$ cat upload.txt   # compact mmCIF, C-alpha atoms
# COMPACT_ATOMS: atom_id res chain seq x y z
CA LEU A 1 -31.47 -9.28 -34.21
CA CYS A 2 -34.40 -7.54 -35.88
CA LEU A 3 -35.11 -4.03 -34.57
CA HIS A 4 -38.55 -3.82 -36.10
CA ALA A 5 -41.11 -6.21 -37.47
CA PRO A 6 -41.01 -6.81 -41.23
CA GLY A 7 -43.43 -4.55 -43.04
CA SER A 8 -43.65 -1.96 -40.23
CA ASN A 9 -43.67 1.72 -41.11
CA PRO A 10 -40.20 3.26 -40.58
CA PHE A 11 -41.80 6.65 -39.86
CA TRP A 12 -43.84 5.12 -37.03
CA LEU A 13 -40.77 3.33 -35.68
CA GLY A 14 -38.77 6.59 -35.69
CA LEU A 15 -41.61 8.50 -34.03
CA THR A 16 -41.98 5.95 -31.21
CA ARG A 17 -38.21 5.96 -30.64
CA PHE A 18 -38.21 9.77 -30.52
CA LEU A 19 -41.06 9.75 -27.99
CA GLU A 20 -39.26 7.17 -25.81
CA VAL A 21 -36.09 9.29 -25.73
CA ALA A 22 -38.05 12.49 -25.09
CA LEU A 23 -39.92 10.81 -22.22
CA GLY A 24 -36.61 9.66 -20.73
CA ILE A 25 -35.22 13.19 -20.90
CA VAL A 26 -38.34 14.64 -19.26
CA VAL A 27 -38.20 12.07 -16.45
CA ALA A 28 -34.46 12.72 -15.88
CA LEU A 29 -35.04 16.49 -15.71
CA ALA A 30 -37.99 16.07 -13.35
CA ILE A 31 -35.91 13.91 -11.01
CA SER A 32 -32.96 16.32 -11.07
CA PHE A 33 -35.25 19.22 -10.14
CA ALA A 34 -37.11 17.20 -7.49
CA TRP A 35 -33.89 15.90 -5.89
CA PRO A 36 -31.14 18.35 -6.76
CA SER A 37 -27.58 17.75 -5.68
CA ARG A 38 -26.87 19.24 -2.30
CA ALA A 39 -23.08 19.42 -2.33
CA ARG A 40 -23.08 23.08 -1.22
CA VAL A 41 -25.30 22.32 1.76
CA VAL A 42 -23.16 19.35 2.77
CA LEU A 43 -20.00 21.41 2.21
CA ARG A 44 -21.27 24.14 4.55
CA HIS A 45 -21.85 21.49 7.19
CA GLY A 46 -18.40 20.02 6.50
CA LEU A 47 -16.77 23.43 6.90
CA SER A 48 -18.57 23.84 10.21
CA LYS A 49 -17.33 20.43 11.37
CA GLY A 50 -13.86 21.43 10.22
CA LEU A 51 -13.88 24.37 12.63
CA GLU A 52 -14.96 22.03 15.40
CA HIS A 53 -12.09 19.64 14.60
CA LEU A 54 -9.61 22.51 14.46
CA ALA A 55 -10.81 23.64 17.89
CA GLY A 56 -10.28 20.12 19.23
CA LEU A 57 -6.78 19.97 17.75
CA THR A 58 -5.96 23.39 19.21
CA ALA A 59 -7.10 22.24 22.66
CA ALA A 60 -5.12 18.99 22.41
CA LEU A 61 -1.96 20.85 21.35
CA MET A 62 -2.28 23.49 24.06
CA ASP A 63 -2.96 20.87 26.74
CA SER A 64 0.05 18.82 25.64
CA ARG A 65 2.37 21.80 25.71
CA MET A 66 1.13 23.21 29.00
CA GLN A 67 1.33 19.81 30.70
CA GLY A 68 4.78 19.16 29.25
CA SER A 69 3.86 15.72 27.88
CA TYR A 70 2.96 15.08 24.25
CA ASP A 71 -0.34 13.15 24.04
CA ARG A 72 0.41 11.35 20.78
CA GLN A 73 -2.83 9.35 20.57
CA ARG A 74 -5.17 12.27 21.28
CA ILE A 75 -3.35 14.59 18.88
CA PHE A 76 -3.21 11.93 16.16
CA HIS A 77 -6.97 11.43 16.47
CA HIS A 78 -7.61 15.17 15.97
CA LYS A 79 -5.09 15.52 13.11
CA ASP A 80 -6.62 12.52 11.34
CA ALA A 81 -10.13 13.97 11.67
CA VAL A 82 -8.97 17.37 10.35
CA LEU A 83 -7.13 15.91 7.35
CA ARG A 84 -9.89 13.46 6.40
CA LEU A 85 -12.55 16.14 6.59
CA SER A 86 -10.41 18.54 4.57
CA LEU A 87 -10.12 15.94 1.80
CA ARG A 88 -13.86 15.28 1.90
CA ASN A 89 -14.63 19.00 1.80
CA ARG A 90 -12.31 19.42 -1.20
CA GLN A 91 -14.31 16.71 -3.02
CA LEU A 92 -17.58 18.38 -2.07
CA LEU A 93 -16.29 21.69 -3.42
CA GLN A 94 -15.65 20.02 -6.78
CA ALA A 95 -19.21 18.66 -6.76
CA ALA A 96 -20.59 22.07 -5.74
CA ARG A 97 -18.89 23.65 -8.74
CA ARG A 98 -20.99 21.43 -11.00
CA GLU A 99 -24.25 22.41 -9.29
CA PRO A 100 -26.43 25.10 -10.80
CA GLY A 101 -26.70 28.27 -8.77
CA ALA A 102 -24.86 31.36 -7.73
CA SER A 103 -21.14 31.24 -8.36
CA GLY A 104 -20.56 33.82 -5.60
CA GLN A 105 -21.62 31.31 -2.98
CA ARG A 106 -19.21 28.74 -4.40
CA GLY A 107 -16.44 31.34 -4.23
CA LYS A 108 -17.18 32.02 -0.56
CA LEU A 109 -17.20 28.33 0.23
CA GLN A 110 -13.88 27.88 -1.56
CA ALA A 111 -12.37 30.80 0.37
CA LEU A 112 -13.58 29.31 3.67
CA LEU A 113 -12.17 25.92 2.77
CA GLU A 114 -8.80 27.46 1.88
CA LEU A 115 -8.80 29.39 5.16
CA GLU A 116 -9.50 26.21 7.13
CA GLU A 117 -6.74 24.41 5.26
CA ARG A 118 -4.25 27.19 6.08
CA MET A 119 -5.30 27.05 9.74
CA ALA A 120 -4.78 23.28 9.69
CA GLU A 121 -1.29 23.77 8.19
CA HIS A 122 -0.40 26.20 10.98
CA LEU A 123 -1.67 23.81 13.63
CA LEU A 124 0.28 20.93 12.07
CA THR A 125 3.41 23.10 12.22
CA MET A 126 2.60 23.89 15.83
CA ASP A 127 2.17 20.15 16.44
CA HIS A 128 5.61 19.43 15.05
CA ALA A 129 7.14 22.13 17.24
CA ILE A 130 5.38 20.86 20.36
CA GLU A 131 6.26 17.23 19.71
CA ASN A 132 9.96 18.04 19.39
CA ALA A 133 10.18 20.81 22.00
CA PRO A 134 11.96 20.36 25.32
CA ALA A 135 9.71 20.10 28.37
CA GLU A 136 11.03 23.41 29.67
CA GLY A 137 10.38 26.55 27.68
CA PHE A 138 8.75 29.94 27.56
CA HIS A 139 5.31 28.41 28.18
CA ARG A 140 6.39 27.90 31.80
CA HIS A 141 6.75 31.67 32.20
CA LEU A 142 3.36 32.56 30.68
CA PRO A 143 0.99 29.74 31.67
CA ASP A 144 -2.04 31.92 32.33
CA GLU A 145 -1.63 33.96 29.18
CA LEU A 146 -1.09 30.91 26.95
CA THR A 147 -4.02 29.08 28.53
CA GLU A 148 -6.21 32.11 27.91
CA LEU A 149 -4.96 32.39 24.31
CA GLY A 150 -5.69 28.70 23.64
CA ALA A 151 -9.13 28.96 25.19
CA SER A 152 -9.90 32.09 23.15
CA VAL A 153 -8.86 30.49 19.86
CA GLN A 154 -10.87 27.38 20.68
CA ALA A 155 -13.92 29.47 21.64
CA LEU A 156 -13.65 31.47 18.42
CA LEU A 157 -13.48 28.33 16.29
CA LEU A 158 -16.44 26.80 18.10
CA ALA A 159 -18.44 30.04 17.80
CA ARG A 160 -17.82 30.08 14.04
CA HIS A 161 -18.78 26.39 13.96
CA LEU A 162 -22.11 27.16 15.63
CA ARG A 163 -22.78 30.06 13.25
CA HIS A 164 -22.12 27.84 10.21
CA ARG A 165 -24.15 25.00 11.66
CA ASP A 166 -27.12 27.28 12.27
CA GLY A 167 -26.86 28.67 8.72
CA ARG A 168 -25.72 32.19 9.57

$ encode --input "upload.txt" --output "structure tokens"
Amino acid sequence: LCLHAPGSNPFWLGLTRFLEVALGIVVALAISFAWPSRARVVLRHGLSKGLEHLAGLTAALMDSRMQGSYDRQRIFHHKDAVLRLSLRNRQLLQAARREPGASGQRGKLQALLELEERMAEHLLTMDHAIENAPAEGFHRHLPDELTELGASVQALLLARHLRHRDGR
């Protein structure tokens, strides 16, 4: 395979190759500035959805305990959504670390993700306790208080979800 025609000027060949590479670099930079990666934006949305899923799991767990029957399908659906989104958000955090921009914002997003993951761990522990608990228990003595507590936690998670969704 002949890279250049016989008798062509090697200087001219080198110059054209240099210009081709330089043009490729300029085009790549222009595209990366025109369509920058948006992992942080998507991660913020994912964190907001995570709060919504945690609120749904909280409601499902509280309902199951207060009614005295474990709703395996409903709870599994919420746990699956929480765990899948947590994994996706972890991947987005890795992508956000590679994005140019303020590192302080990445640190806040990481702290929020870790907080959501700890909340999910606590709810999964609560799930295990509810699934294996006898039908009778202290919840029968405090139904109004526990219902109010569950509703308050759910409302707080949904309020945070709305704030994140709206960009506040």

$ residues_around --input "upload.txt" --residues "Gln94 in chain A" --least-positions-apart "5" --cutoff "10 Å" --atoms "all atoms listed in the file" --output "CSV table (one decimal) with C-alpha atoms, in the coordinates of the input"
chain,number,residue,atom,x,y,z
A,39,ALA,CA,-23.1,19.4,-2.3
A,40,ARG,CA,-23.1,23.1,-1.2
A,89,ASN,CA,-14.6,19.0,1.8
A,99,GLU,CA,-24.2,22.4,-9.3
A,106,ARG,CA,-19.2,28.7,-4.4
A,110,GLN,CA,-13.9,27.9,-1.6

$ closest_residue --input "upload.txt" --among "A:Glu131, A:Glu114, A:Arg88, A:Arg38" --to "Pro100 in chain A" --atoms "all atoms listed in the file"
A:Arg38

$ closest_residue --input "upload.txt" --among "A:Ala22, A:Thr58, A:Leu43, A:Ser48" --to "Ala120 in chain A" --atoms "all atoms listed in the file"
A:Thr58

$ closest_residue --input "upload.txt" --among "A:Val153, A:Leu158, A:Ile25, A:Leu123" --to "Leu57 in chain A" --atoms "all atoms listed in the file"
A:Leu123

$ atom_distance --input "upload.txt" --atom1 "CA of Arg72 in chain A" --atom2 "CA of Ala129 in chain A"
13.2 Å

$ closest_residue --input "upload.txt" --among "A:Thr16, A:Thr147, A:Gln154, A:Gln67" --to "Pro134 in chain A" --atoms "all atoms listed in the file"
A:Gln67

$ atom_distance --input "upload.txt" --atom1 "CA of Met62 in chain A" --atom2 "CA of Leu47 in chain A"
22.5 Å

$ closest_residue --input "upload.txt" --among "A:Asp80, A:Asp71, A:Asp63, A:Glu117" --to "Glu148 in chain A" --atoms "all atoms listed in the file"
A:Asp63

$ closest_residue --input "upload.txt" --among "A:Gly46, A:Phe18, A:Ile75, A:Trp12" --to "His128 in chain A" --atoms "all atoms listed in the file"
A:Ile75

$ residues_around --input "upload.txt" --residues "His53 in chain A" --least-positions-apart "2" --cutoff "8 Å" --atoms "all atoms listed in the file" --output "list in words"
Lys49, Gly50, Leu51, Ala55, Gly56, Leu57, His78, Ala81 and Val82 of chain A

$ atom_distance --input "upload.txt" --atom1 "CA of Met119 in chain A" --atom2 "CA of Gly150 in chain A"
14.0 Å

$ build_atoms --input "upload.txt" --residues "range 88-99 of chain A" --atoms "all heavy atoms" --output "mmCIF file, in the frame of the given file"
data_model
loop_
_atom_site.group_PDB
_atom_site.id
_atom_site.type_symbol
_atom_site.label_atom_id
_atom_site.label_comp_id
_atom_site.auth_asym_id
_atom_site.auth_seq_id
_atom_site.Cartn_x
_atom_site.Cartn_y
_atom_site.Cartn_z
ATOM 1 N N ARG A 88 -12.448 15.424 2.238
ATOM 2 C CA ARG A 88 -13.860 15.280 1.900
ATOM 3 C C ARG A 88 -14.461 16.609 1.456
ATOM 4 O O ARG A 88 -15.209 16.675 0.476
ATOM 5 C CB ARG A 88 -14.624 14.716 3.105
ATOM 6 C CG ARG A 88 -16.104 14.599 2.900
ATOM 7 C CD ARG A 88 -16.450 13.498 1.926
ATOM 8 N NE ARG A 88 -17.899 13.392 1.828
ATOM 9 C CZ ARG A 88 -18.545 13.320 0.683
ATOM 10 N NH1 ARG A 88 -17.894 13.287 -0.453
ATOM 11 N NH2 ARG A 88 -19.855 13.244 0.657
ATOM 12 N N ASN A 89 -14.115 17.683 2.161
ATOM 13 C CA ASN A 89 -14.630 19.000 1.800
ATOM 14 C C ASN A 89 -14.107 19.437 0.429
ATOM 15 O O ASN A 89 -14.816 20.092 -0.331
ATOM 16 C CB ASN A 89 -14.280 20.035 2.864
ATOM 17 C CG ASN A 89 -15.129 19.883 4.102
ATOM 18 O OD1 ASN A 89 -16.178 19.252 4.083
ATOM 19 N ND2 ASN A 89 -14.681 20.470 5.194
ATOM 20 N N ARG A 90 -12.879 19.084 0.103
ATOM 21 C CA ARG A 90 -12.310 19.420 -1.200
ATOM 22 C C ARG A 90 -13.115 18.706 -2.295
ATOM 23 O O ARG A 90 -13.407 19.276 -3.338
ATOM 24 C CB ARG A 90 -10.839 19.006 -1.204
ATOM 25 C CG ARG A 90 -9.994 19.396 -2.352
ATOM 26 C CD ARG A 90 -9.862 20.806 -2.711
ATOM 27 N NE ARG A 90 -9.292 21.719 -1.763
ATOM 28 C CZ ARG A 90 -9.248 23.025 -1.979
ATOM 29 N NH1 ARG A 90 -9.714 23.527 -3.101
ATOM 30 N NH2 ARG A 90 -8.749 23.844 -1.102
ATOM 31 N N GLN A 91 -13.494 17.451 -2.059
ATOM 32 C CA GLN A 91 -14.310 16.710 -3.020
ATOM 33 C C GLN A 91 -15.699 17.326 -3.152
ATOM 34 O O GLN A 91 -16.242 17.427 -4.254
ATOM 35 C CB GLN A 91 -14.418 15.243 -2.595
ATOM 36 C CG GLN A 91 -13.117 14.489 -2.683
ATOM 37 C CD GLN A 91 -13.177 13.134 -1.999
ATOM 38 O OE1 GLN A 91 -14.060 12.857 -1.196
ATOM 39 N NE2 GLN A 91 -12.216 12.276 -2.320
ATOM 40 N N LEU A 92 -16.267 17.744 -2.031
ATOM 41 C CA LEU A 92 -17.580 18.380 -2.070
ATOM 42 C C LEU A 92 -17.525 19.706 -2.824
ATOM 43 O O LEU A 92 -18.478 20.061 -3.521
ATOM 44 C CB LEU A 92 -18.101 18.617 -0.647
ATOM 45 C CG LEU A 92 -18.622 17.380 0.067
ATOM 46 C CD1 LEU A 92 -18.842 17.678 1.549
ATOM 47 C CD2 LEU A 92 -19.915 16.901 -0.578
ATOM 48 N N LEU A 93 -16.431 20.433 -2.690
ATOM 49 C CA LEU A 93 -16.290 21.690 -3.420
ATOM 50 C C LEU A 93 -16.298 21.428 -4.926
ATOM 51 O O LEU A 93 -16.921 22.170 -5.681
ATOM 52 C CB LEU A 93 -15.004 22.415 -3.009
ATOM 53 C CG LEU A 93 -14.739 23.734 -3.710
ATOM 54 C CD1 LEU A 93 -15.826 24.755 -3.386
ATOM 55 C CD2 LEU A 93 -13.375 24.281 -3.316
ATOM 56 N N GLN A 94 -15.636 20.369 -5.352
ATOM 57 C CA GLN A 94 -15.650 20.020 -6.780
ATOM 58 C C GLN A 94 -17.075 19.703 -7.238
ATOM 59 O O GLN A 94 -17.494 20.129 -8.310
ATOM 60 C CB GLN A 94 -14.723 18.827 -7.050
ATOM 61 C CG GLN A 94 -13.258 19.125 -6.828
ATOM 62 C CD GLN A 94 -12.753 20.249 -7.699
ATOM 63 O OE1 GLN A 94 -13.115 20.375 -8.861
ATOM 64 N NE2 GLN A 94 -11.909 21.105 -7.132
ATOM 65 N N ALA A 95 -17.821 18.976 -6.417
ATOM 66 C CA ALA A 95 -19.210 18.660 -6.760
ATOM 67 C C ALA A 95 -20.073 19.920 -6.759
ATOM 68 O O ALA A 95 -20.952 20.086 -7.606
ATOM 69 C CB ALA A 95 -19.777 17.626 -5.794
ATOM 70 N N ALA A 96 -19.813 20.826 -5.820
ATOM 71 C CA ALA A 96 -20.590 22.070 -5.740
ATOM 72 C C ALA A 96 -20.352 22.946 -6.958
ATOM 73 O O ALA A 96 -21.252 23.673 -7.385
ATOM 74 C CB ALA A 96 -20.226 22.834 -4.466
ATOM 75 N N ARG A 97 -19.180 22.869 -7.532
ATOM 76 C CA ARG A 97 -18.890 23.650 -8.740
ATOM 77 C C ARG A 97 -19.738 23.210 -9.918
ATOM 78 O O ARG A 97 -20.003 23.987 -10.826
ATOM 79 C CB ARG A 97 -17.407 23.525 -9.099
ATOM 80 C CG ARG A 97 -16.513 24.312 -8.203
ATOM 81 C CD ARG A 97 -15.081 24.254 -8.686
ATOM 82 N NE ARG A 97 -14.255 25.096 -7.846
ATOM 83 C CZ ARG A 97 -13.037 24.771 -7.454
ATOM 84 N NH1 ARG A 97 -12.502 23.628 -7.835
ATOM 85 N NH2 ARG A 97 -12.349 25.583 -6.690
ATOM 86 N N ARG A 98 -20.169 21.949 -9.900
ATOM 87 C CA ARG A 98 -20.990 21.430 -11.000
ATOM 88 C C ARG A 98 -22.476 21.680 -10.779
ATOM 89 O O ARG A 98 -23.277 21.444 -11.675
ATOM 90 C CB ARG A 98 -20.724 19.932 -11.173
ATOM 91 C CG ARG A 98 -19.328 19.625 -11.669
ATOM 92 C CD ARG A 98 -19.144 18.162 -11.991
ATOM 93 N NE ARG A 98 -19.282 17.302 -10.833
ATOM 94 C CZ ARG A 98 -18.285 16.950 -10.019
ATOM 95 N NH1 ARG A 98 -17.075 17.405 -10.241
ATOM 96 N NH2 ARG A 98 -18.505 16.147 -8.993
ATOM 97 N N GLU A 99 -22.842 22.140 -9.581
ATOM 98 C CA GLU A 99 -24.250 22.410 -9.290
ATOM 99 C C GLU A 99 -24.680 23.728 -9.909
ATOM 100 O O GLU A 99 -23.888 24.665 -9.972
ATOM 101 C CB GLU A 99 -24.474 22.520 -7.773
ATOM 102 C CG GLU A 99 -24.449 21.222 -7.047
ATOM 103 C CD GLU A 99 -24.731 21.404 -5.569
ATOM 104 O OE1 GLU A 99 -24.765 22.543 -5.076
ATOM 105 O OE2 GLU A 99 -24.909 20.381 -4.904
#
